[in-house]
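Peer 1: Pasting structure-v8.cif here (mmCIF, C-alpha atoms and all ligand atoms):
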```cif
data_entry
loop_
_atom_site.label_atom_id
_atom_site.label_comp_id
_atom_site.auth_asym_id
_atom_site.auth_seq_id
_atom_site.Cartn_x
_atom_site.Cartn_y
_atom_site.Cartn_z
CA MET A 1 0.00 0.00 0.00
CA ARG A 2 1.38 3.44 -0.92
CA THR A 3 1.36 6.18 1.68
CA ASN A 4 -0.57 9.24 0.65
CA PRO A 5 1.61 12.33 1.32
CA LYS A 6 -1.47 14.59 1.38
CA LYS A 7 -2.93 12.56 4.22
CA TRP A 8 0.29 12.90 6.21
CA LEU A 9 0.38 16.63 5.67
CA LEU A 10 -3.20 16.96 6.91
CA ALA A 11 -2.41 14.87 9.98
CA LEU A 12 0.57 17.09 10.77
CA ILE A 13 -1.47 20.27 10.37
CA ALA A 14 -4.15 18.83 12.67
CA LEU A 15 -1.47 18.00 15.24
CA ALA A 16 -0.07 21.52 14.97
CA LEU A 17 -3.47 23.16 15.40
CA GLY A 18 -4.30 20.88 18.30
CA THR A 19 -1.21 22.09 20.12
CA LEU A 20 -1.89 25.75 19.36
CA PHE A 21 -5.59 26.03 20.02
CA PRO A 22 -5.92 24.96 23.67
CA GLY A 23 -3.74 27.96 24.58
CA MET A 24 -5.78 30.31 22.41
CA ALA A 25 -9.05 29.06 23.86
CA LEU A 26 -7.72 29.76 27.36
CA ALA A 27 -6.58 33.24 26.44
CA ALA A 28 -10.05 34.20 25.22
CA GLY A 29 -12.06 32.50 27.98
CA PRO A 30 -12.27 32.93 31.74
CA ILE A 31 -9.18 33.52 33.88
CA PRO A 32 -6.96 30.43 33.54
CA GLN A 33 -6.12 28.38 36.62
CA GLU A 34 -2.87 26.72 37.58
CA THR A 35 -2.61 23.16 36.30
CA SER A 36 -0.19 20.46 37.35
CA TYR A 37 1.06 20.06 33.77
CA GLY A 38 2.38 22.37 31.07
CA LEU A 39 3.61 25.90 31.55
CA PRO A 40 2.87 27.85 34.74
CA ARG A 41 -0.31 29.88 34.47
CA ASP A 42 0.37 33.17 32.69
CA VAL A 43 -0.92 36.21 34.60
CA SER A 44 0.96 38.85 32.62
CA ALA A 45 0.26 41.25 29.80
CA ASP A 46 3.14 40.02 27.61
CA GLY A 47 3.88 36.45 28.69
CA HIS A 48 1.73 35.10 25.84
CA ARG A 49 4.48 36.23 23.46
CA ILE A 50 6.95 33.82 25.07
CA ASP A 51 4.32 31.05 25.17
CA TRP A 52 3.62 31.53 21.47
CA LEU A 53 7.32 31.15 20.63
CA ILE A 54 7.54 27.99 22.76
CA LYS A 55 4.39 26.48 21.19
CA VAL A 56 5.30 27.27 17.60
CA THR A 57 8.83 25.93 18.10
CA LEU A 58 7.36 22.79 19.66
CA ILE A 59 5.14 22.34 16.59
CA PHE A 60 8.10 22.81 14.24
CA VAL A 61 10.29 20.30 16.05
CA THR A 62 7.38 17.84 16.32
CA ILE A 63 6.87 18.03 12.54
CA LEU A 64 10.61 17.52 11.99
CA PHE A 65 10.63 14.63 14.46
CA VAL A 66 7.74 12.89 12.68
CA ILE A 67 9.37 13.38 9.27
CA MET A 68 12.69 11.98 10.55
CA VAL A 69 11.00 8.94 12.12
CA ILE A 70 9.07 8.20 8.90
CA TRP A 71 12.27 8.60 6.91
CA MET A 72 14.15 6.17 9.16
CA LEU A 73 11.29 3.64 9.08
CA LEU A 74 11.21 3.84 5.28
CA ALA A 75 14.96 3.20 5.20
CA VAL A 76 14.60 0.21 7.51
CA PHE A 77 11.74 -1.44 5.66
CA LYS A 78 12.55 -0.51 2.06
CA HIS A 79 16.25 -1.23 2.10
CA ASN A 80 16.48 -4.75 3.44
CA HIS A 81 17.87 -8.11 2.35
CA LYS A 82 15.91 -7.92 -0.91
CA HIS A 83 18.51 -5.81 -2.63
CA LYS A 84 22.25 -5.54 -2.53
CA ALA A 85 23.67 -2.73 -0.37
CA GLU A 86 25.12 0.28 -2.17
CA TYR A 87 27.77 2.32 -0.40
CA ASP A 88 28.52 5.99 -0.87
CA HIS A 89 30.29 8.69 1.15
CA GLY A 90 27.45 11.19 0.89
CA ASP A 91 29.71 13.58 -1.02
CA SER A 92 27.86 13.55 -4.32
CA ARG A 93 26.50 16.85 -5.61
CA HIS A 94 22.96 15.60 -5.03
CA ALA A 95 23.60 14.54 -1.40
CA ILE A 96 25.34 17.83 -0.54
CA MET A 97 22.54 19.90 -2.13
CA VAL A 98 19.82 17.97 -0.27
CA GLY A 99 21.72 18.38 3.04
CA MET A 100 22.29 22.08 2.52
CA ILE A 101 18.73 22.84 1.41
CA LEU A 102 17.22 20.91 4.33
CA SER A 103 19.53 22.61 6.86
CA ALA A 104 18.79 26.03 5.38
CA VAL A 105 15.03 25.45 5.50
CA ILE A 106 15.20 24.34 9.16
CA PHE A 107 17.55 27.18 10.07
CA PHE A 108 15.55 29.93 8.38
CA VAL A 109 12.09 28.65 9.34
CA VAL A 110 12.61 27.48 12.95
CA ASP A 111 15.51 29.70 14.10
CA GLY A 112 14.47 32.53 11.81
CA ASN A 113 10.99 32.55 13.32
CA LEU A 114 12.47 32.60 16.83
CA TRP A 115 14.89 35.36 15.96
CA VAL A 116 12.43 37.65 14.15
CA ASN A 117 9.65 37.29 16.72
CA ALA A 118 11.90 37.39 19.79
CA THR A 119 13.49 40.59 18.49
CA ARG A 120 10.05 42.06 17.86
CA ASP A 121 8.85 41.05 21.35
CA LEU A 122 11.91 42.62 22.98
CA SER A 123 11.46 45.93 21.19
CA GLN A 124 7.67 46.04 21.57
CA ALA A 125 7.43 44.78 25.15
CA PHE A 126 10.23 43.41 27.31
CA TRP A 127 12.87 46.03 26.49
CA ASN A 128 10.34 48.76 25.72
CA PHE A 129 11.05 50.77 28.88
CA PRO A 130 9.57 54.04 27.57
CA LYS A 131 6.20 52.25 27.34
CA ALA A 132 6.35 51.43 31.07
CA GLU A 133 7.99 54.68 32.18
CA LYS A 134 5.43 56.95 30.56
CA HIS A 135 2.57 55.30 32.45
CA PRO A 136 1.63 57.78 35.20
CA GLU A 137 0.81 55.00 37.66
CA ALA A 138 3.82 52.76 37.01
CA VAL A 139 5.18 51.21 40.20
CA ARG A 140 8.92 51.31 40.81
CA ILE A 141 10.68 48.78 43.01
CA GLU A 142 14.29 48.48 44.11
CA LEU A 143 15.26 44.90 44.66
CA ASN A 144 18.31 43.76 46.58
CA ALA A 145 19.17 40.08 46.23
CA HIS A 146 21.43 38.52 48.81
CA GLN A 147 22.13 35.15 50.35
CA TRP A 148 19.34 34.09 50.82
CA ALA A 149 16.45 36.48 50.46
CA TRP A 150 14.94 39.28 48.37
CA ASP A 151 14.81 42.74 49.96
CA ALA A 152 12.40 45.01 48.14
CA ARG A 153 11.83 48.74 48.47
CA TYR A 154 9.07 51.04 47.24
CA ALA A 155 9.60 54.81 47.36
CA GLY A 156 6.70 55.80 49.66
CA PRO A 157 4.70 59.04 49.44
CA ASP A 158 7.77 61.32 49.19
CA LEU A 159 8.57 59.58 45.85
CA GLU A 160 12.23 59.34 46.79
CA PHE A 161 14.09 56.14 47.40
CA ASN A 162 16.15 55.44 50.52
CA THR A 163 14.18 57.69 52.85
CA ALA A 164 12.30 57.00 56.10
CA ASP A 165 8.88 56.53 54.47
CA ASP A 166 10.04 53.79 52.06
CA ILE A 167 8.11 50.54 52.16
CA VAL A 168 10.65 47.79 52.80
CA VAL A 169 9.52 44.18 52.49
CA LEU A 170 11.27 40.84 52.64
CA ASN A 171 10.47 38.14 50.03
CA ASP A 172 6.77 38.98 49.80
CA LEU A 173 6.01 41.66 47.23
CA VAL A 174 2.74 43.34 46.36
CA ILE A 175 1.90 44.90 42.98
CA PRO A 176 -1.18 46.37 41.32
CA ILE A 177 -2.89 44.71 38.35
CA ASP A 178 -2.79 46.48 34.96
CA ARG A 179 -0.01 48.86 36.02
CA PRO A 180 3.58 48.48 34.79
CA VAL A 181 6.09 47.47 37.46
CA ILE A 182 9.64 48.67 36.83
CA VAL A 183 12.36 46.95 38.84
CA GLN A 184 15.98 47.87 39.45
CA LEU A 185 17.83 44.81 40.65
CA VAL A 186 21.18 44.48 42.43
CA SER A 187 23.01 41.82 44.39
CA THR A 188 25.22 42.35 47.41
CA ASP A 189 27.06 39.02 47.28
CA VAL A 190 26.85 36.46 44.47
CA ILE A 191 24.85 36.17 41.24
CA HIS A 192 21.17 35.49 41.84
CA SER A 193 18.39 35.41 39.30
CA PHE A 194 14.98 36.89 40.00
CA SER A 195 12.37 34.75 38.33
CA LEU A 196 8.63 35.21 37.92
CA PRO A 197 7.48 32.07 36.07
CA ASN A 198 3.89 33.30 35.90
CA PHE A 199 5.06 36.42 34.07
CA ARG A 200 7.65 34.67 31.86
CA VAL A 201 10.15 37.16 33.27
CA LYS A 202 13.62 36.50 34.64
CA MET A 203 16.59 38.75 35.36
CA ASP A 204 20.03 38.13 36.82
CA ALA A 205 21.11 40.07 39.89
CA THR A 206 24.80 40.70 39.31
CA PRO A 207 27.13 42.18 41.96
CA GLY A 208 28.39 45.59 40.85
CA MET A 209 25.58 46.20 38.36
CA THR A 210 22.09 47.63 38.42
CA ASN A 211 19.93 45.54 36.11
CA ARG A 212 16.42 46.50 35.19
CA PHE A 213 13.29 44.89 33.81
CA TRP A 214 9.57 45.54 33.77
CA PHE A 215 6.39 43.52 33.68
CA MET A 216 2.66 43.97 34.12
CA ALA A 217 -0.07 41.77 35.57
CA SER A 218 -3.09 41.59 33.30
CA GLY A 219 -6.63 41.91 34.62
CA LYS A 220 -7.67 39.48 31.87
CA ARG A 221 -5.48 36.71 33.27
CA ALA A 222 -5.43 37.39 37.01
CA LYS A 223 -7.80 38.60 39.65
CA PRO A 224 -7.11 40.71 42.75
CA GLY A 225 -5.83 38.58 45.59
CA ASP A 226 -3.98 36.11 43.36
CA VAL A 227 -0.57 35.16 44.66
CA VAL A 228 2.21 33.85 42.41
CA GLU A 229 5.67 32.57 43.12
CA ILE A 230 9.05 34.27 43.06
CA GLY A 231 12.10 32.06 42.66
CA CYS A 232 15.85 32.36 42.41
CA THR A 233 16.99 30.57 39.24
CA GLN A 234 20.71 30.83 39.84
CA HIS A 235 22.20 28.33 42.25
CA CYS A 236 23.59 30.80 44.77
CA GLY A 237 24.77 28.73 47.71
CA THR A 238 23.64 26.31 50.41
CA ASN A 239 20.30 27.93 51.12
CA HIS A 240 19.44 28.82 47.53
CA TYR A 241 16.10 27.05 48.00
CA LYS A 242 15.11 29.59 50.65
CA MET A 243 14.87 32.34 48.06
CA ARG A 244 11.26 31.55 47.38
CA GLY A 245 9.06 34.60 47.62
CA THR A 246 5.54 35.57 46.75
CA LEU A 247 4.02 38.26 44.60
CA LYS A 248 0.54 39.33 45.52
CA LEU A 249 -1.68 41.02 42.94
CA LEU A 250 -4.12 43.70 44.03
CA ASP A 251 -6.39 46.09 42.21
CA TRP A 252 -5.20 49.70 42.05
CA GLU A 253 -7.31 50.96 44.97
CA ALA A 254 -6.30 48.10 47.27
CA PHE A 255 -2.68 48.57 46.26
CA GLN A 256 -2.80 52.25 47.15
CA LEU A 257 -4.33 51.41 50.50
CA TRP A 258 -1.65 48.77 51.12
CA SER A 259 1.11 51.27 50.19
CA LYS A 260 -0.29 53.86 52.54
CA GLU A 261 -0.46 51.47 55.48
CA ALA A 262 2.86 49.78 54.75
CA SER A 263 4.60 53.12 54.43
CA ALA A 264 3.12 54.40 57.69
CA SER A 265 4.25 51.31 59.58
CA SER A 266 7.70 51.40 57.93
CA LYS A 267 8.06 55.03 58.97
CA ALA A 268 6.96 54.30 62.54
CA THR A 269 9.59 51.59 62.94
CA TYR A 270 12.30 53.39 61.00
CA ASP A 271 15.77 52.95 62.42
CA GLU A 272 18.49 54.71 60.48
CA LYS A 273 21.19 52.43 61.92
CA SER A 274 19.51 49.23 60.74
CA PRO A 275 21.39 47.59 57.85
CA THR A 276 18.26 45.74 56.76
CA ARG A 277 16.55 49.11 56.28
CA ASN A 278 19.27 51.26 54.77
CA TRP A 279 20.47 49.48 51.68
CA GLY A 280 18.56 51.52 49.08
CA TRP A 281 19.86 53.89 46.43
CA LYS A 282 18.63 56.95 44.54
CA TRP A 283 16.53 55.65 41.63
CA LYS A 284 19.04 55.21 38.82
CA ARG A 285 18.25 57.01 35.58
CA PHE A 286 19.17 54.91 32.57
CA PRO A 287 19.90 56.61 29.22
CA ASN A 288 16.75 58.29 27.85
CA GLU A 289 14.83 57.58 31.03
CA PRO A 290 12.66 60.56 31.99
CA ASP A 291 13.14 62.08 35.44
CA TRP A 292 10.36 60.24 37.20
CA TYR A 293 10.65 62.18 40.45
CA LYS A 294 10.33 65.53 38.66
CA GLN A 295 7.39 64.20 36.60
CA GLN A 296 5.55 63.08 39.72
CA VAL A 297 6.22 66.31 41.60
CA ASP A 298 5.03 68.32 38.58
CA ALA A 299 1.91 66.15 38.29
CA LYS A 300 1.16 66.70 41.99
CA LYS A 301 1.63 70.46 41.56
CA ARG A 302 -0.64 70.45 38.52
CA SER A 303 -3.42 68.58 40.29
CA ALA A 304 -3.04 70.82 43.38
CA ALA A 305 -3.17 73.89 41.14
CA LEU A 306 -6.30 72.66 39.37
CA SER A 307 -8.11 72.02 42.64
CA SER A 308 -7.15 75.36 44.25
CA PRO A 309 -9.33 78.47 43.70
CA THR A 310 -6.39 80.46 42.22
CA SER A 311 -5.71 77.64 39.79
CA GLY A 312 -5.59 79.88 36.71
CA THR A 313 -2.22 81.54 37.28
CA THR A 314 -0.41 78.47 38.68
CA ALA A 315 -1.61 76.23 35.86
CA VAL A 316 -0.41 78.75 33.28
CA ALA A 317 2.98 78.99 35.02
CA THR A 318 3.38 75.20 34.96
CA THR A 319 2.41 74.97 31.29
CA GLU A 320 4.81 77.77 30.38
CA ARG A 321 7.70 76.07 32.09
CA GLU A 322 6.90 72.80 30.36
CA SER A 323 6.86 74.40 26.92
CA ASN A 324 10.35 75.86 27.48
CU CU B 401 19.76 33.24 44.89
#
```
Can the structure in the file be given as structure tokens, please?
Ligand SMILES: [Cu+2]
Peer 2:
Amino acid sequence: MRTNPKKWLLALIALALGTLFPGMALAAGPIPQETSYGLPRDVSADGHRIDWLIKVTLIFVTILFVIMVIWMLLAVFKHNHKHKAEYDHGDSRHAIMVGMILSAVIFFVVDGNLWVNATRDLSQAFWNFPKAEKHPEAVRIELNAHQWAWDARYAGPDLEFNTADDIVVLNDLVIPIDRPVIVQLVSTDVIHSFSLPNFRVKMDATPGMTNRFWFMASGKRAKPGDVVEIGCTQHCGTNHYKMRGTLKLLDWEAFQLWSKEASASSKATYDEKSPTRNWGWKWKRFPNEPDWYKQQVDAKKRSAALSSPTSGTTAVATTERESN
């Protein structure tokens, strides 16, 4: 019986679609739940980009795997004792051309797809810091990795880092949903790696460097009160396993309330001699990063000016200075 190539192609396409569609159905439906198989549940705005790359690459390599297995089976069953063996070194023009064309197709389709889409994802999302920075309600966090915990710091109401009203937490972070979170990450001892599997985000904490990344929880994929895991993905010593933290997701109002309370209690217990409190730094401005502090102060002035009875003159003054 002859194998029908059309039938095989259809079977492969069906397999490919079957792998793709469960993910798509989840993305469009209700908030996905954690399962004990597959990828960790995605709660982020951009994690689906990484998942797409993984799924498509899985489909490509599955197709290649099936083709290779069929090819080997054909070789086993077609070339048997019924005919005399023919030897060649594989250096004929035909053999070299087939090898090169096949390699080129795999390289340009599988690796090319990864390269083009990963580059696009980096520029549109993961390395698109201006997108996060221009959001007026973006949350900034300073993160200090050390053996064996994560110290995190939020600026507090004075909008300045390393002051008495900073919120300082250990291992358990809180962020708002649908607001970008920008993190500056350092390490005080060895290399650690801050990992948020549910956001498809990971960044090394390297001694002597300030590394940055940003991410955002999506209201379409997570609900307020959800808690996801933080892990260290760089083996960093005996108690590496202890660097498990949590990230709690709140809606914007609840987050503001939490910040207010956490800042008040941090301020009340502030001890300037405590090394666990005073490890922060002035928010580092990377090239082309707008002056966040100035922006926030200006925004506060603007809203104060608008709500005051003599708003006219102050608002004009602010606008004039901006246009200069
Ligand atoms: Cu670590």
Peer 1: At a cut-off of 6 Å, using only C-alpha atoms, what residues contact Ser193 (chain A)? Leave out same-chain residues fewer than 2 positions from it and give the result as a PDB file with C-alpha atoms, keeping the file's coordinate frame.
Peer 2:
```pdb
ATOM      1  CA  MET A 203      16.590  38.750  35.360  1.00  0.00           C
ATOM      2  CA  ASP A 204      20.030  38.130  36.820  1.00  0.00           C
ATOM      3  CA  ALA A 205      21.110  40.070  39.890  1.00  0.00           C
ATOM      4  CA  CYS A 232      15.850  32.360  42.410  1.00  0.00           C
ATOM      5  CA  THR A 233      16.990  30.570  39.240  1.00  0.00           C
ATOM      6  CA  GLN A 234      20.710  30.830  39.840  1.00  0.00           C
TER       7      GLN A 234
END
```
Peer 1: So which residues touch His235 (chain A) within 12 Å, counting only C-alpha atoms, skipping near sequence neighbours fewer than 6 positions away, as a list in words?
Peer 2: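 In the requested format, the answer is Gln147, Trp148, Val190, Ile191, His192, Ser193, Phe194, Asp204, Tyr241, Lys242 and Met243 of chain A.
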Peer 1: Tell me, in Å to one decimal, how far CA of Lys248 (chain A) is from CA of Leu173 (chain A).
Peer 2: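 Going from CA of Lys248 (chain A) over to CA of Leu173 (chain A) covers 6.2 Å.
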Peer 1: As an exercise, work out the distance from CA of His48 (chain A) to CA of Asn198 (chain A) in Å and give it to one decimal place.
Peer 2: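 The value is 10.4 Å.
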Peer 1: What does the distance from CA of Val186 (chain A) to CA of Trp283 (chain A) come to in Å, to one decimal?
Peer 2: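 That distance, rounded to one decimal, is 12.1 Å.
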Peer 1: Can you tell me which residues surround Arg277 (chain A) at a distance of at most 12 Å, considering all atoms listed in the file, apart from same-chain residues fewer than 5 positions away, and format the answer as a PyMOL selection string?
Peer 2: chain A and resi 144+151-154+161-170+266-267+269-272
Peer 1: Here is a test: counting only C-alpha atoms and all ligand atoms, which residue of A:Ile230, A:Leu250, A:Ala222, A:Ala149 is nearest to ligand CU 401 (chain B)?
Peer 2: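 Smallest distance to ligand CU 401 (chain B) is found for A:Ala149.
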Peer 1: Between A:Thr276, A:Asn171, A:Gln296, A:Asn211, which is the closest to Val183 (chain A) once you count all atoms listed in the file?
Peer 2: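 Result for the nearest residue to Val183 (chain A): A:Asn211.
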